[in-house]
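Here is the file query-v9.csv (CSV, C-alpha atoms).
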chain,number,residue,atom,x,y,z
A,1,MET,CA,71.5,92.2,113.8
A,2,PHE,CA,70.2,88.7,114.4
A,3,TYR,CA,71.9,85.4,114.0
A,4,ILE,CA,69.3,83.2,112.5
A,5,TYR,CA,69.5,79.4,112.6
A,6,CYS,CA,68.8,77.9,109.2
A,7,PRO,CA,67.4,74.4,109.6
A,8,TYR,CA,68.7,73.4,106.2
A,9,CYS,CA,72.3,74.8,106.5
A,10,GLY,CA,72.4,73.6,110.1
A,11,GLU,CA,74.1,76.7,111.5
A,12,HIS,CA,73.5,80.3,112.6
A,13,ARG,CA,73.8,82.8,109.8
A,14,GLU,CA,73.7,86.6,109.5
A,15,GLU,CA,70.3,88.2,109.3
A,16,GLU,CA,71.5,89.9,106.0
A,17,GLU,CA,71.3,86.5,104.2
A,18,PHE,CA,67.5,86.1,105.0
A,19,HIS,CA,64.3,87.6,103.9
A,20,PRO,CA,61.0,87.5,105.7
A,21,LYS,CA,58.1,86.1,103.6
A,22,GLY,CA,55.0,86.7,105.7
A,23,GLU,CA,52.8,84.5,107.8
A,24,ALA,CA,53.3,80.8,107.9
A,25,HIS,CA,50.9,77.9,107.9
A,26,ILE,CA,48.3,79.6,105.6
A,27,VAL,CA,46.1,76.8,104.3
A,28,ARG,CA,44.6,77.1,100.8
A,29,PRO,CA,40.9,76.3,100.8
A,30,GLU,CA,40.5,72.7,99.7
A,31,ASP,CA,38.0,73.4,97.0
A,32,PRO,CA,38.4,77.0,95.7
A,33,GLU,CA,35.5,76.5,93.2
A,34,THR,CA,32.9,76.1,96.0
A,35,CYS,CA,34.3,78.1,98.8
A,36,SER,CA,32.7,81.4,99.7
A,37,ASP,CA,34.1,84.8,98.6
A,38,GLU,CA,34.8,85.6,102.2
A,39,GLU,CA,36.8,82.4,102.7
A,40,TRP,CA,38.8,83.1,99.6
A,41,GLY,CA,39.4,86.7,100.5
A,42,ASP,CA,40.6,85.7,103.9
A,43,TYR,CA,43.0,83.2,102.3
A,44,LEU,CA,44.3,85.7,99.8
A,45,PHE,CA,44.5,89.0,101.7
A,46,PHE,CA,44.0,88.7,105.4
A,47,ARG,CA,46.9,88.1,107.8
A,48,ASN,CA,47.2,87.9,111.5
A,49,ASN,CA,49.1,90.6,113.3
A,50,PRO,CA,49.5,89.3,116.8
A,51,ARG,CA,51.4,90.9,119.7
A,52,GLY,CA,53.5,88.0,121.0
A,53,ILE,CA,54.1,84.6,119.4
A,54,HIS,CA,53.9,84.6,115.6
A,55,HIS,CA,54.8,82.0,113.1
A,56,GLU,CA,56.5,83.3,110.0
A,57,MET,CA,57.9,82.0,106.8
A,58,TRP,CA,61.5,83.2,105.9
A,59,VAL,CA,63.8,82.4,103.1
A,60,HIS,CA,67.6,81.9,103.2
A,61,ALA,CA,67.9,84.1,100.2
A,62,VAL,CA,71.7,84.3,100.0
A,63,GLY,CA,72.6,80.8,101.1
A,64,CYS,CA,70.7,77.6,100.5
A,65,ARG,CA,67.6,79.5,99.1
A,66,LYS,CA,65.2,77.3,101.0
A,67,PHE,CA,62.1,78.5,102.8
A,68,PHE,CA,61.6,77.6,106.4
A,69,ASN,CA,59.5,78.8,109.4
A,70,ILE,CA,60.4,80.9,112.4
A,71,THR,CA,58.5,81.3,115.6
A,72,ARG,CA,59.1,84.9,116.7
A,73,ASN,CA,57.9,87.1,119.5
A,74,THR,CA,56.7,90.3,117.7
A,75,ALA,CA,57.0,92.3,120.9
A,76,THR,CA,60.6,91.4,121.9
A,77,TYR,CA,61.8,90.3,118.4
A,78,ALA,CA,63.1,87.2,120.1
A,79,ILE,CA,63.4,84.2,117.7
A,80,LEU,CA,62.1,81.2,119.7
A,81,GLU,CA,62.7,78.5,117.2
A,82,THR,CA,63.2,77.8,113.5
A,83,TYR,CA,61.9,74.6,111.8
A,84,ARG,CA,61.6,73.2,108.3
A,85,MET,CA,58.8,73.5,105.9
A,86,GLY,CA,56.0,71.0,106.6
A,87,GLU,CA,56.9,70.6,110.3
A,88,ALA,CA,54.7,71.8,113.1
A,89,PRO,CA,56.0,74.4,115.6
A,90,SER,CA,56.8,73.2,119.1
A,91,ILE,CA,56.2,76.6,120.5
A,92,THR,CA,52.8,78.2,120.0
A,93,ALA,CA,51.0,81.0,121.8
A,94,GLU,CA,49.0,78.4,123.7
A,95,SER,CA,52.0,76.4,124.8
A,96,ARG,CA,53.7,79.6,125.9
A,97,ASP,CA,50.7,80.4,128.1
A,98,ASP,CA,51.0,77.0,129.8
A,99,ARG,CA,54.7,77.4,130.3
A,100,ALA,CA,54.4,80.9,131.7
A,101,SER,CA,52.2,79.7,134.5
A,102,LEU,CA,54.8,76.9,135.3
A,103,ASP,CA,58.1,78.9,135.0
A,104,ALA,CA,59.1,82.0,136.7
A,105,PRO,CA,58.0,84.7,134.2
A,106,ALA,CA,61.1,86.9,134.7
A,107,GLU,CA,63.5,84.1,133.8
A,108,THR,CA,61.6,83.1,130.7
A,109,GLU,CA,61.6,86.6,129.4
A,110,THR,CA,65.4,87.0,129.8
A,111,ALA,CA,66.1,83.7,128.0
A,112,GLU,CA,63.8,84.8,125.2
A,113,ASN,CA,65.6,88.0,124.7
A,114,GLN,CA,69.0,86.4,124.5
A,115,GLU,CA,68.1,83.6,122.1
A,116,GLY,CA,68.8,84.5,118.5
A,117,VAL,CA,70.3,87.9,119.3
A,118,ARG,CA,73.9,88.6,118.7
A,119,ALA,CA,75.9,89.4,121.8
B,1,MET,CA,76.3,52.7,76.2
B,2,SER,CA,72.6,53.2,75.7
B,3,ASN,CA,71.4,56.5,76.9
B,4,THR,CA,67.7,56.8,77.2
B,5,VAL,CA,67.9,60.4,78.4
B,6,ASP,CA,69.3,61.5,75.1
B,7,ASP,CA,66.0,61.1,73.3
B,8,LYS,CA,64.3,63.5,75.7
B,9,ILE,CA,66.9,66.1,76.4
B,10,LYS,CA,69.0,67.9,73.9
B,11,THR,CA,72.5,68.7,75.2
B,12,PHE,CA,75.1,70.7,73.3
B,13,ASP,CA,78.7,71.5,73.8
B,14,THR,CA,79.1,75.2,74.7
B,15,ARG,CA,82.7,75.2,73.6
B,16,THR,CA,83.1,75.3,69.9
B,17,THR,CA,86.1,74.3,67.8
B,18,SER,CA,85.6,77.3,65.5
B,19,ARG,CA,87.8,80.4,66.2
B,20,VAL,CA,85.7,82.6,68.4
B,21,PRO,CA,87.5,85.2,70.5
B,22,VAL,CA,87.1,84.4,74.2
B,23,GLU,CA,87.7,86.8,77.0
B,24,SER,CA,87.7,86.0,80.7
B,25,PRO,CA,85.2,87.9,82.8
B,26,LEU,CA,88.0,90.0,84.3
B,27,THR,CA,89.6,91.1,81.0
B,28,TYR,CA,87.7,94.4,81.0
B,29,SER,CA,88.6,94.9,84.7
B,30,TYR,CA,92.3,94.4,84.1
B,31,ARG,CA,92.2,97.1,81.4
B,32,ARG,CA,90.0,99.5,83.3
B,33,SER,CA,91.3,99.1,86.8
B,34,GLY,CA,94.8,97.8,86.2
B,35,ALA,CA,96.4,94.8,87.9
B,36,PRO,CA,99.1,95.6,90.4
B,37,ALA,CA,101.9,93.0,90.2
B,38,PRO,CA,102.4,90.9,93.3
B,39,GLY,CA,105.6,91.8,95.1
B,40,LYS,CA,107.5,90.5,98.1
B,41,GLY,CA,105.4,92.5,100.5
B,42,SER,CA,102.1,91.3,99.1
B,43,GLY,CA,99.9,90.0,101.9
B,44,ALA,CA,97.3,88.8,99.4
B,45,VAL,CA,97.6,87.5,95.9
B,46,LEU,CA,94.5,87.4,93.6
B,47,ARG,CA,94.3,85.1,90.6
B,48,GLU,CA,91.4,84.4,88.3
B,49,ARG,CA,90.8,80.9,87.1
B,50,PRO,CA,88.5,81.5,84.1
B,51,PHE,CA,86.9,79.1,81.7
B,52,LEU,CA,86.4,76.2,84.1
B,53,GLY,CA,83.5,73.8,83.7
B,54,HIS,CA,80.8,74.6,86.2
B,55,LEU,CA,77.8,72.2,86.5
B,56,VAL,CA,74.9,72.5,88.9
B,57,LEU,CA,73.5,69.1,89.9
B,58,ARG,CA,70.1,68.9,91.4
B,59,GLY,CA,68.2,65.9,92.6
B,60,GLY,CA,68.3,63.2,95.3
B,61,ALA,CA,71.6,62.9,97.2
B,62,ILE,CA,71.7,59.1,96.9
B,63,VAL,CA,71.3,58.8,93.1
B,64,LEU,CA,73.6,61.7,92.5
B,65,ASP,CA,76.2,60.2,94.8
B,66,GLU,CA,76.1,56.8,93.0
B,67,ALA,CA,76.4,58.4,89.6
B,68,LEU,CA,79.3,60.7,90.7
B,69,ARG,CA,81.2,57.9,92.2
B,70,ALA,CA,80.8,55.8,89.1
B,71,VAL,CA,81.7,58.6,86.7
B,72,LEU,CA,84.2,60.8,88.5
B,73,ASP,CA,85.2,58.7,91.6
B,74,ILE,CA,84.2,61.6,93.9
B,75,SER,CA,81.7,61.2,96.7
B,76,LEU,CA,78.9,63.7,97.0
B,77,PRO,CA,79.2,65.8,100.1
B,78,GLY,CA,76.1,65.0,102.2
B,79,GLU,CA,76.7,67.4,105.0
B,80,PRO,CA,75.7,71.0,104.7
B,81,GLN,CA,78.5,73.5,103.8
B,82,ALA,CA,80.8,70.6,102.8
B,83,LEU,CA,83.3,70.8,99.9
B,84,VAL,CA,85.0,67.7,98.4
B,85,VAL,CA,88.1,68.1,96.3
B,86,ASP,CA,89.7,65.2,94.4
B,87,ALA,CA,93.3,64.2,94.8
B,88,SER,CA,94.5,66.4,91.9
B,89,GLY,CA,92.7,69.4,93.4
B,90,GLU,CA,91.2,70.2,90.0
B,91,ARG,CA,87.7,68.7,90.4
B,92,SER,CA,85.4,69.6,93.3
B,93,VAL,CA,81.9,69.2,94.4
B,94,GLN,CA,80.3,71.5,96.9
B,95,TRP,CA,77.0,71.3,98.8
B,96,ILE,CA,74.9,74.3,97.9
B,97,SER,CA,71.5,73.4,99.3
B,98,PRO,CA,69.9,70.1,100.4
B,99,ASP,CA,69.1,69.1,96.8
B,100,GLU,CA,71.8,71.1,94.9
B,101,TRP,CA,75.5,70.7,94.4
B,102,LEU,CA,78.1,72.7,92.4
B,103,LEU,CA,80.6,70.6,90.4
B,104,ILE,CA,83.7,72.4,89.1
B,105,VAL,CA,86.0,70.6,86.6
B,106,PRO,CA,88.8,71.7,84.3
B,107,GLY,CA,87.6,73.6,81.3
B,108,GLY,CA,86.6,71.4,78.4
B,109,GLU,CA,85.7,68.4,80.5
B,110,GLU,CA,82.2,69.5,81.4
B,111,PHE,CA,80.3,68.4,78.3
B,112,GLU,CA,81.6,64.9,78.3
B,113,LEU,CA,81.1,64.6,82.0
B,114,GLU,CA,77.5,65.9,81.8
B,115,ASN,CA,76.7,63.3,79.2
B,116,ARG,CA,78.3,60.5,81.2
B,117,LEU,CA,76.4,61.6,84.3
B,118,ARG,CA,73.1,61.7,82.4
B,119,GLY,CA,73.9,58.2,81.2
B,120,ALA,CA,74.7,57.0,84.7
B,121,LEU,CA,71.6,58.6,86.2
B,122,GLY,CA,69.2,57.1,83.6
B,123,ASP,CA,65.6,57.8,84.4
B,124,ALA,CA,66.2,59.2,87.9
B,125,HIS,CA,64.7,62.5,88.8
B,126,PHE,CA,67.5,65.1,88.4
B,127,ALA,CA,68.7,68.1,86.6
B,128,ILE,CA,72.2,69.1,85.4
B,129,THR,CA,72.8,72.6,84.3
B,130,ASN,CA,75.9,74.0,82.7
B,131,VAL,CA,76.5,77.4,84.4
B,132,GLY,CA,80.1,77.8,83.3
B,133,GLY,CA,79.3,80.8,81.2
B,134,GLY,CA,77.7,82.6,84.1
B,135,GLN,CA,80.4,82.4,86.7
B,136,THR,CA,84.1,82.5,87.3
B,137,VAL,CA,86.5,81.5,90.0
B,138,ILE,CA,88.8,84.0,91.8
B,139,ASP,CA,91.6,82.6,94.0
B,140,LEU,CA,92.9,84.5,97.1
B,141,GLU,CA,96.1,83.5,98.7
B,142,GLY,CA,98.5,85.0,101.2
B,143,ASP,CA,98.7,85.7,104.9
B,144,ALA,CA,96.3,88.6,104.8
B,145,ALA,CA,93.7,86.8,102.6
B,146,SER,CA,91.5,85.9,105.5
B,147,GLU,CA,91.8,89.4,106.9
B,148,LEU,CA,90.8,90.8,103.5
B,149,LEU,CA,87.8,88.5,103.6
B,150,MET,CA,86.8,89.7,107.0
B,151,LYS,CA,86.4,93.1,105.5
B,152,SER,CA,84.2,91.8,102.7
B,153,VAL,CA,81.9,89.0,103.8
B,154,VAL,CA,79.4,88.7,106.6
B,155,TYR,CA,80.4,85.1,107.3
B,156,ASP,CA,82.9,84.3,110.0
B,157,VAL,CA,86.1,83.1,108.3
B,158,HIS,CA,88.1,82.4,111.4
B,159,PRO,CA,89.8,79.0,111.0
B,160,HIS,CA,87.9,77.5,113.9
B,161,HIS,CA,84.6,78.3,112.2
B,162,PHE,CA,85.8,77.9,108.6
B,163,PRO,CA,88.0,74.8,108.3
B,164,VAL,CA,89.5,73.5,105.1
B,165,GLY,CA,86.8,71.6,103.2
B,166,LYS,CA,84.1,74.1,103.9
B,167,GLY,CA,82.2,76.2,101.4
B,168,VAL,CA,79.3,78.6,101.9
B,169,THR,CA,77.1,81.0,99.8
B,170,THR,CA,77.2,84.3,101.6
B,171,VAL,CA,77.0,88.1,101.3
B,172,PHE,CA,80.1,89.7,99.9
B,173,ALA,CA,80.0,93.5,99.9
B,174,LYS,CA,76.7,94.3,98.2
B,175,THR,CA,76.5,91.1,96.2
B,176,SER,CA,76.8,87.4,96.9
B,177,VAL,CA,79.6,84.9,96.4
B,178,ILE,CA,80.2,81.2,97.0
B,179,LEU,CA,83.2,81.2,99.4
B,180,ARG,CA,85.2,78.0,99.7
B,181,ARG,CA,88.4,76.9,101.4
B,182,PRO,CA,89.9,74.0,99.4
B,183,THR,CA,93.4,74.1,101.1
B,184,GLU,CA,94.9,75.6,104.2
B,185,THR,CA,96.3,78.7,102.3
B,186,ARG,CA,93.9,79.2,99.4
B,187,TRP,CA,90.4,80.7,99.4
B,188,GLU,CA,88.2,80.5,96.3
B,189,LEU,CA,85.4,82.9,95.4
B,190,VAL,CA,82.9,81.6,92.9
B,191,VAL,CA,81.4,84.8,91.5
B,192,ARG,CA,78.8,85.7,89.0
B,193,ARG,CA,80.3,86.9,85.7
B,194,SER,CA,78.3,90.1,85.8
B,195,PHE,CA,79.5,90.9,89.3
B,196,ALA,CA,83.1,89.9,88.6
B,197,ASP,CA,84.2,93.5,87.9
B,198,TYR,CA,82.6,94.8,91.0
B,199,ILE,CA,84.2,92.1,93.2
B,200,TYR,CA,87.6,92.6,91.5
B,201,ARG,CA,87.5,96.3,92.2
B,202,TRP,CA,86.3,95.8,95.7
B,203,LEU,CA,89.1,93.4,96.4
B,204,LEU,CA,91.7,95.7,94.9
B,205,ASP,CA,90.4,98.6,97.1
B,206,ALA,CA,90.1,96.5,100.3
B,207,GLY,CA,93.4,94.8,99.6
B,208,GLU,CA,95.3,98.0,99.1
B,209,GLU,CA,96.5,98.1,102.7
B,210,TYR,CA,97.9,94.5,102.3
B,211,ALA,CA,99.6,95.4,99.0
B,212,ILE,CA,97.4,93.0,97.1
B,213,GLY,CA,98.9,91.7,93.8
B,214,VAL,CA,97.2,90.2,90.8
B,215,GLU,CA,98.7,87.2,89.1
B,216,ARG,CA,97.9,86.9,85.5

Go ahead and express the file in the form of structure tokens.
Amino acid sequence: MFYIYCPYCGEHREEEEFHPKGEAHIVRPEDPETCSDEEWGDYLFFRNNPRGIHHEMWVHAVGCRKFFNITRNTATYAILETYRMGEAPSITAESRDDRASLDAPAETETAENQEGVRA
Amino acid sequence: MSNTVDDKIKTFDTRTTSRVPVESPLTYSYRRSGAPAPGKGSGAVLRERPFLGHLVLRGGAIVLDEALRAVLDISLPGEPQALVVDASGERSVQWISPDEWLLIVPGGEEFELENRLRGALGDAHFAITNVGGGQTVIDLEGDAASELLMKSVVYDVHPHHFPVGKGVTTVFAKTSVILRRPTETRWELVVRRSFADYIYRWLLDAGEEYAIGVER
């Protein structure tokens, strides 16, 4: 079980209160009338399935019922951050790569595993 | 008082003066599952407070706060999970989500209050919904009440984490409730009418070890 921080409720809540809602930051083609079938198909049906950092949309279904975003490591299940709709993530796959070269890798990994996971 | 909103929105009083039989959401449960009388050894006492006026207010916090102060002299809780109860303890406003509040007033007051709020809000962007028919309030009191809740909700009800004046929407058994703590000794569960029987039976079962009693 996870404790997930809801940015609207301002506190950690049980995982049971939340639902995942798929990939975040999917941008609708600006002009659907003129975009190609491939672009539209990508927008509708195709999702990333990365190993590592992934940005996801979740909803606090039993609670404030607001949608928000989670940055999660799909390999370790560690939740790295949660942020409101319309905000940009501070942790991305690129920023993680930069950090990994600066920090000692072993330490980062432990901290990642602990964050968001119930003791 | 001129009320421009009245031309656009039709409101009606859900309580009629005609003689219609009214039953509380737990009437069926009392008959079907019984209601053990509270005794000296009861660690928890359950009491339903049916037929209250429940209004859901949606909109911007600032305009709603101004209207609520003017009409009811209660300030809108701006902080998440906050619950504000007036001096009499009969009227309360609870934060539900960043743009949603639950207002509970004594039964019969809600229609007049709704109209006065609509008047005070004027052309602001808001919604007021009467949800009194869809939910009911169950009170829990007694030394074992918090222990009983620990068995039932996923939320941490320890006094350090759940002080007086807090209210949350959370998972209760296999359904959801709005759990609030208006006073030191009393817990309130705002439950859906259709789940009231399930929650009542759950509480009777979970409270059996504390000799739970039902006040009617």

>> So that I can see what lies close to Ala87 in chain B, please list as a PyMOL selection string the residues with an atom at most 12 Å from it, counting only C-alpha atoms and leaving out residues fewer than 2 positions away in the same chain.
In response: chain B and resi 72-74+84-85+89-92+182-183

>> For a quick check of your reading of the model, name the residues lying within 10 Å of the coordinate (90.1, 95.1, 94.4), counting only C-alpha atoms, and write them as a PyMOL selection string.
In response: chain B and resi 29+33-36+46+197-208+212-214

>> I need the contact residues of chain A against chain B, so if you could list those with any atom within 8 Å, counting all atoms listed in the file, and return them as a PyMOL selection string, that would help.
In response: chain A and resi 8-10+13-14+16-17+62-66

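Interatomic distance, CA of Gly119 in chain B to CA of Leu102 in chain B: 18.8 Å.
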
In the coordinate frame of the file, compute which residues have an atom within 7 Å of (79.8, 65.2, 96.4) when using only C-alpha atoms, and state them as a PDB file with C-alpha atoms, in the coordinates of the input.
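Once everything was written out, this is point-v8.pdb:
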ATOM      1  CA  ASP B  65      76.200  60.200  94.800  1.00  0.00           C
ATOM      2  CA  ILE B  74      84.200  61.600  93.900  1.00  0.00           C
ATOM      3  CA  SER B  75      81.700  61.200  96.700  1.00  0.00           C
ATOM      4  CA  LEU B  76      78.900  63.700  97.000  1.00  0.00           C
ATOM      5  CA  PRO B  77      79.200  65.800 100.100  1.00  0.00           C
ATOM      6  CA  GLY B  78      76.100  65.000 102.200  1.00  0.00           C
ATOM      7  CA  VAL B  84      85.000  67.700  98.400  1.00  0.00           C
ATOM      8  CA  VAL B  93      81.900  69.200  94.400  1.00  0.00           C
ATOM      9  CA  GLN B  94      80.300  71.500  96.900  1.00  0.00           C
TER      10      GLN B  94
END

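For the pair CA of Glu87 in chain A and CA of Met57 in chain A, the separation is 12.0 Å.
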
Residue neighbourhood range 89-94 of chain A, 8 Å, only C-alpha atoms, exclusion window fewer than 4 positions, as a PDB file with C-alpha atoms, in the coordinates of the input:
ATOM      1  CA  GLY A  52      53.500  88.000 121.000  1.00  0.00           C
ATOM      2  CA  ILE A  53      54.100  84.600 119.400  1.00  0.00           C
ATOM      3  CA  HIS A  54      53.900  84.600 115.600  1.00  0.00           C
ATOM      4  CA  THR A  71      58.500  81.300 115.600  1.00  0.00           C
ATOM      5  CA  LEU A  80      62.100  81.200 119.700  1.00  0.00           C
ATOM      6  CA  GLU A  81      62.700  78.500 117.200  1.00  0.00           C
ATOM      7  CA  TYR A  83      61.900  74.600 111.800  1.00  0.00           C
ATOM      8  CA  ASP A  98      51.000  77.000 129.800  1.00  0.00           C
TER       9      ASP A  98
END

>> Would you compute the distance between CA of Asp42 in chain A and CA of Asn69 in chain A? Give it in Å to one decimal.
In response: 20.9 Å

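Taking all atoms listed in the file into account, Ala24 in chain A lies nearest to A:Met85 out of the set A:Leu44, A:Asp37, A:Met85, A:Thr76.
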
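In this comparison, which uses all atoms listed in the file, the residue of A:His19, A:Arg28, A:Arg51, A:Arg96 approaching Ile70 in chain A most closely is A:His19.
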